[in-house]
Structure formats: structure tokens, C-alpha cells
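Q: Next comes the structure file coords.txt, holding compact mmCIF, C-alpha atoms.
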# COMPACT_ATOMS: atom_id res chain seq x y z
CA MET A 1 173.17 143.19 83.82
CA ILE A 2 174.43 145.01 80.73
CA VAL A 3 177.26 142.50 80.28
CA TRP A 4 174.89 139.54 80.15
CA LEU A 5 172.41 141.12 77.74
CA PRO A 6 174.47 140.67 74.52
CA LEU A 7 175.33 137.10 75.49
CA ILE A 8 171.70 136.20 76.17
CA THR A 9 170.58 137.94 72.99
CA ALA A 10 173.13 135.98 70.96
CA ALA A 11 171.98 132.75 72.59
CA ARG A 12 168.34 133.57 71.83
CA SER A 13 169.25 134.33 68.22
CA SER A 14 171.15 131.10 67.68
CA ILE A 15 168.47 128.78 69.04
CA VAL A 16 166.14 127.52 66.32
CA ILE A 17 162.70 127.09 67.81
CA THR A 18 159.50 127.27 65.78
CA GLY A 19 155.83 127.70 66.38
CA ARG A 20 154.39 127.33 69.84
CA GLU A 21 157.73 126.46 71.42
CA TRP A 22 159.13 129.81 70.30
CA GLY A 23 156.23 131.65 71.91
CA LEU A 24 156.77 129.79 75.17
CA PHE A 25 160.50 130.54 75.04
CA ILE A 26 159.85 134.26 74.47
CA ARG A 27 157.36 134.34 77.34
CA ALA A 28 159.82 132.61 79.67
CA THR A 29 162.71 134.95 78.82
CA ASN A 30 160.38 137.94 79.06
CA GLY A 31 159.39 136.84 82.56
CA ILE A 32 163.01 136.30 83.57
CA PHE A 33 164.09 139.75 82.36
CA SER A 34 161.09 141.37 84.02
CA ALA A 35 161.97 139.65 87.29
CA LEU A 36 165.58 140.85 86.96
CA HIS A 37 164.39 144.42 86.37
CA VAL A 38 162.11 144.24 89.43
CA LEU A 39 165.01 142.86 91.48
CA GLU A 40 167.30 145.65 90.26
CA MET A 41 164.68 148.26 91.13
CA GLY A 42 164.09 146.72 94.55
CA ILE A 43 167.81 146.72 95.34
CA THR A 44 168.08 150.36 94.23
CA ILE A 45 165.14 151.44 96.40
CA ALA A 46 166.47 149.47 99.37
CA GLY A 47 169.97 150.88 98.87
CA VAL A 48 169.18 154.59 98.62
CA GLY A 49 165.80 154.76 100.36
CA TRP A 50 162.48 155.86 98.89
CA LYS A 51 162.92 159.60 99.53
CA VAL A 52 166.32 159.76 97.82
CA PHE A 53 165.05 157.43 95.09
CA ALA A 54 162.05 159.63 94.29
CA ILE A 55 164.12 162.82 94.00
CA ARG A 56 165.80 161.79 90.74
CA ARG A 57 163.49 161.78 87.73
CA ARG A 58 165.47 159.09 85.94
CA ARG A 59 164.88 156.62 88.74
CA VAL A 60 161.16 157.35 88.79
CA PHE A 61 161.16 156.95 85.01
CA ASP A 62 162.90 153.57 85.37
CA LEU A 63 160.34 152.55 87.99
CA ALA A 64 157.51 153.42 85.60
CA VAL A 65 159.13 151.38 82.81
CA VAL A 66 159.59 148.40 85.14
CA LEU A 67 155.97 148.62 86.33
CA VAL A 68 154.73 148.72 82.73
CA GLY A 69 156.89 145.65 82.04
CA VAL A 70 155.35 143.81 84.99
CA LEU A 71 151.87 144.84 83.82
CA GLU A 72 152.70 143.52 80.35
CA VAL A 73 153.84 140.15 81.76
CA ILE A 74 150.65 139.87 83.81
CA LEU A 75 148.43 140.80 80.85
CA VAL A 76 150.23 138.45 78.47
CA GLU A 77 149.85 135.56 80.91
CA SER A 78 146.17 136.30 81.56
CA LEU A 79 145.14 137.18 77.98
CA GLY A 80 147.38 134.71 76.21
CA GLY A 81 149.91 136.92 74.43
CA ARG A 82 147.70 139.56 72.87
CA VAL A 83 149.20 142.62 74.58
CA THR A 84 152.80 142.43 73.46
CA ALA A 85 152.88 146.08 72.33
CA LEU A 86 153.76 147.13 75.88
CA ARG A 87 157.22 145.63 75.31
CA ALA A 88 158.04 148.71 73.27
CA VAL A 89 157.98 150.81 76.45
CA ARG A 90 161.17 149.06 77.57
CA VAL A 91 163.01 150.68 74.70
CA LEU A 92 162.61 153.94 76.59
CA ARG A 93 165.28 152.69 79.02
CA LEU A 94 167.79 153.40 76.27
CA ILE A 95 167.10 157.12 76.72
CA LYS A 96 168.81 156.87 80.08
CA LEU A 97 171.92 155.35 78.49
CA VAL A 98 172.03 157.97 75.76
CA ARG A 99 172.00 160.75 78.34
CA GLN A 100 174.85 159.18 80.26
CA TRP A 101 177.13 158.67 77.26
CA ARG A 102 178.78 161.98 76.50
CA VAL A 103 179.93 160.78 73.10
CA LEU A 104 176.33 160.14 72.05
CA ALA A 105 175.17 163.45 73.47
CA ARG A 106 177.69 165.32 71.27
CA MET A 107 177.03 163.17 68.23
CA ASP A 108 175.55 164.71 65.12
CA LEU A 109 172.18 163.12 64.38
CA ALA A 110 172.36 163.66 60.62
CA PRO A 111 173.90 160.21 59.97
CA VAL A 112 171.18 158.64 62.11
CA ALA A 113 168.54 160.43 60.06
CA HIS A 114 170.22 159.25 56.86
CA PHE A 115 170.20 155.70 58.19
CA GLY A 116 166.49 156.04 59.01
CA VAL A 117 165.72 157.20 55.47
CA LEU A 118 167.79 154.33 54.07
CA LEU A 119 165.97 151.86 56.32
CA CYS A 120 162.59 153.17 55.14
CA LEU A 121 163.76 152.82 51.55
CA PHE A 122 164.77 149.19 52.13
CA VAL A 123 161.43 148.46 53.81
CA LEU A 124 159.62 149.95 50.84
CA ILE A 125 161.73 147.96 48.35
CA TYR A 126 161.12 144.68 50.17
CA ALA A 127 157.43 145.52 50.55
CA VAL A 128 157.15 145.96 46.77
CA LEU A 129 159.07 142.70 46.23
CA GLY A 130 156.73 140.93 48.63
CA LEU A 131 153.78 142.45 46.79
CA GLN A 132 155.10 141.12 43.49
CA PHE A 133 155.97 137.61 44.70
CA PHE A 134 153.39 136.84 47.40
CA ALA A 135 150.26 138.90 46.63
CA GLY A 136 147.16 136.76 47.03
CA LYS A 137 149.12 133.77 48.34
CA MET A 138 148.72 134.38 52.07
CA THR A 139 145.31 132.76 52.52
CA ASP A 140 144.29 129.65 54.42
CA PRO A 141 143.66 126.96 51.79
CA SER A 142 140.94 125.19 53.76
CA SER A 143 138.81 128.21 54.70
CA GLY A 144 139.96 130.84 52.20
CA VAL A 145 140.51 133.36 55.01
CA ARG A 146 143.34 135.82 54.43
CA TYR A 147 146.06 135.88 57.08
CA ARG A 148 146.56 139.14 58.92
CA SER A 149 150.18 139.37 57.78
CA ASN A 150 150.03 139.43 54.01
CA PHE A 151 151.39 141.10 50.92
CA ASP A 152 148.07 141.90 49.24
CA SER A 153 148.38 145.70 49.39
CA ILE A 154 151.29 148.09 49.82
CA GLY A 155 150.16 149.00 53.35
CA TRP A 156 149.91 145.39 54.51
CA SER A 157 153.11 144.61 52.70
CA ILE A 158 155.02 147.37 54.55
CA LEU A 159 153.49 146.22 57.84
CA THR A 160 154.46 142.60 57.16
CA VAL A 161 158.05 143.58 56.29
CA PHE A 162 158.22 145.66 59.48
CA GLN A 163 156.88 142.68 61.43
CA ILE A 164 159.61 140.48 59.96
CA ILE A 165 162.49 142.88 60.64
CA THR A 166 161.33 143.40 64.23
CA THR A 167 161.01 139.58 64.64
CA GLU A 168 157.47 139.82 66.00
CA GLU A 169 155.72 136.60 64.92
CA TRP A 170 158.02 136.41 61.89
CA TYR A 171 157.99 132.63 61.96
CA SER A 172 154.25 132.54 61.17
CA VAL A 173 154.89 134.54 57.99
CA ARG A 174 157.76 132.21 57.12
CA VAL A 175 155.64 129.09 57.67
CA VAL A 176 152.84 130.41 55.43
CA ILE A 177 155.25 131.39 52.66
CA ILE A 178 157.19 128.11 52.79
CA SER A 179 153.97 126.07 52.72
CA ARG A 180 152.99 127.67 49.39
Hey, can you dump this file as C-alpha cells for me?

A:
Amino acid sequence: MIVWLPLITAARSSIVITGREWGLFIRATNGIFSALHVLEMGITIAGVGWKVFAIRRRRVFDLAVVLVGVLEVILVESLGGRVTALRAVRVLRLIKLVRQWRVLARMDLAPVAHFGVLLCLFVLIYAVLGLQFFAGKMTDPSSGVRYRSNFDSIGWSILTVFQIITTEEWYSVRVVIISR
């Protein structure tokens, strides 16, 4: 599973899909990965048995993450993509990898903190640039309604830059900016 993840991520990055097609593609890959996680969990439970499975906290933690992922897929399909924040729970699976890698366990976290500060600085710089270049330009021309992702204030500007760097609906921001 871990071997395929970089390859699939690279393939997803290289495919240029816009608008509704991108949303359908993300939903489909999300469903595929959720099904693979459920299959992995089912094989693990079948292989070691429920009693042995439940003894280890990491396995129970993985089960909770997989169940939240399944819940997210169900909610996204029923509500039409409005509950995508539950995808962030899957990041918690990385905690398991960090604990297993002895090199990361011994690593000094000061460089990571410095990187975090540098990342926040870059977000702030790009938020101010967005505020200078795109303030007041992210409105619907026909109705005059302001889009949710905009650069009208520093708070919304930071949020919009964060949305772009996390690739969550970034294409909608791009389409609005290009159309101006």
C-alpha cells in the first residue's frame, strides 16, 4: 500500500482536470482509498483475530481512523461534498509511522519548528500580496455577491492562501482570478 501511494499521488498531480470533473475524480479516488483501508483493516482483523486486534492501541486507533473515513465517504455522497473536513483525520495515521521510525523519534524538532515559522511567514507574505492585487475583485459580476474565498481582508486572504496550498477547491479560486 505504501509503495503505491507516491505513484498514485504523482498521477493525480499530473492529471489536469478542472471544475466538476475534478470533484468527481477526487470523490472516486477517495472512495477507492477508503475501500482499500477497509480491506486492509478487514484482513488484519481476520488474520490476528478480534481479541488480539483489540489489545494493541495502535490497531484500535487505525480502526477508528478507517471508520471516520468511511463515515466521511458516506456523508460526502449523501450531502454532496460538504463534509470534507473529516479527511483531515486520516493524517493521524502518520502518527503511527512516526512512532515506528526510530530516526524520526530521535530527531530534533527545532528544524521542524523553524520550517513551520517559515511556512507561516510565506503564507502571510502571499496573503498580503493577494490583498494588494485581488482585493475587491472576487465578486460575482452578475449578482455582486462576494465569493467565500477572497482577498478582501487579511483574515480571508490568509484563509484563501491556506486553501490554495492545501489544494482544497483551489481551482475555483483560480477560475475566478483568471476570469477577471

Q: Of the residues A:Val91, A:Ile158, A:Ile164, A:Ala135, which is the one nearest to Cys120 (chain A), using only C-alpha atoms?

A: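 Selected residue with least distance to Cys120 (chain A): A:Ile158.
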
Q: Considering all atoms listed in the file, state which residue in the set A:Val123, A:Ala35, A:Val89, A:Ala64 is at the smallest distance from Ile165 (chain A).

A: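 Of A:Val123, A:Ala35, A:Val89, A:Ala64, the one nearest Ile165 (chain A), counting all atoms listed in the file, is A:Val123.
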
Q: Grab the CA of Val38 (chain A) to CA of Val66 (chain A) distance for me, in Å with one decimal place.

A: 6.5 Å

Q: Of the candidates A:Ala88, A:Ser179, A:Val145, A:Glu72, which shows the shortest atom-to-atom distance to Thr166 (chain A), using only C-alpha atoms?

A: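 Comparing A:Ala88, A:Ser179, A:Val145, A:Glu72 against Thr166 (chain A), the winner is A:Ala88.
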
Q: Need the neighbours of (162.9, 148.3, 54.0): which residues are at most 12 Å away, counting all atoms listed in the file, as a list in words?

A: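 Those residues lying close to the given coordinates are Phe115, Gly116, Val117, Leu118, Leu119, Cys120, Leu121, Phe122, Val123, Leu124, Ile125, Tyr126, Ala127, Val128, Leu129, Gly130, Ser157, Ile158, Leu159, Thr160, Val161, Phe162, Gln163, Ile164, Ile165 and Thr166 of chain A.
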
Q: If you keep C-alpha atoms, can you produce a file of those selected residues as a short mmCIF file (atom, residue, chain, number, x, y, z; two decimals), in the coordinates of the input?

A:
data_model
loop_
_atom_site.label_atom_id
_atom_site.label_comp_id
_atom_site.auth_asym_id
_atom_site.auth_seq_id
_atom_site.Cartn_x
_atom_site.Cartn_y
_atom_site.Cartn_z
CA PHE A 115 170.20 155.70 58.19
CA GLY A 116 166.49 156.04 59.01
CA VAL A 117 165.72 157.20 55.47
CA LEU A 118 167.79 154.33 54.07
CA LEU A 119 165.97 151.86 56.32
CA CYS A 120 162.59 153.17 55.14
CA LEU A 121 163.76 152.82 51.55
CA PHE A 122 164.77 149.19 52.13
CA VAL A 123 161.43 148.46 53.81
CA LEU A 124 159.62 149.95 50.84
CA ILE A 125 161.73 147.96 48.35
CA TYR A 126 161.12 144.68 50.17
CA ALA A 127 157.43 145.52 50.55
CA VAL A 128 157.15 145.96 46.77
CA LEU A 129 159.07 142.70 46.23
CA GLY A 130 156.73 140.93 48.63
CA SER A 157 153.11 144.61 52.70
CA ILE A 158 155.02 147.37 54.55
CA LEU A 159 153.49 146.22 57.84
CA THR A 160 154.46 142.60 57.16
CA VAL A 161 158.05 143.58 56.29
CA PHE A 162 158.22 145.66 59.48
CA GLN A 163 156.88 142.68 61.43
CA ILE A 164 159.61 140.48 59.96
CA ILE A 165 162.49 142.88 60.64
CA THR A 166 161.33 143.40 64.23
#

Q: Quick one, how far is CA of Gly155 (chain A) from CA of Val175 (chain A)?

A: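 Separation of CA of Gly155 (chain A) and CA of Val175 (chain A): 21.1 Å.
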
Q: Could you check how far CA of Ile45 (chain A) sits from CA of Ile26 (chain A), in Å to one decimal?

A: 28.4 Å

Q: When you count all atoms listed in the file, which of these residues is closest to Asp140 (chain A): A:Leu92, A:Glu169, A:Trp156, A:Ile177?

A: A:Ile177

Q: Skipping near chain neighbours, those fewer than 5 positions away, what residues fall within 9 Å of Val176 (chain A) using all atoms listed in the file, listed as a list in words?

A: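 After dropping sequence-adjacent residues, the list is Lys137, Met138, Thr139, Asp140, Tyr147 and Tyr171 of chain A.
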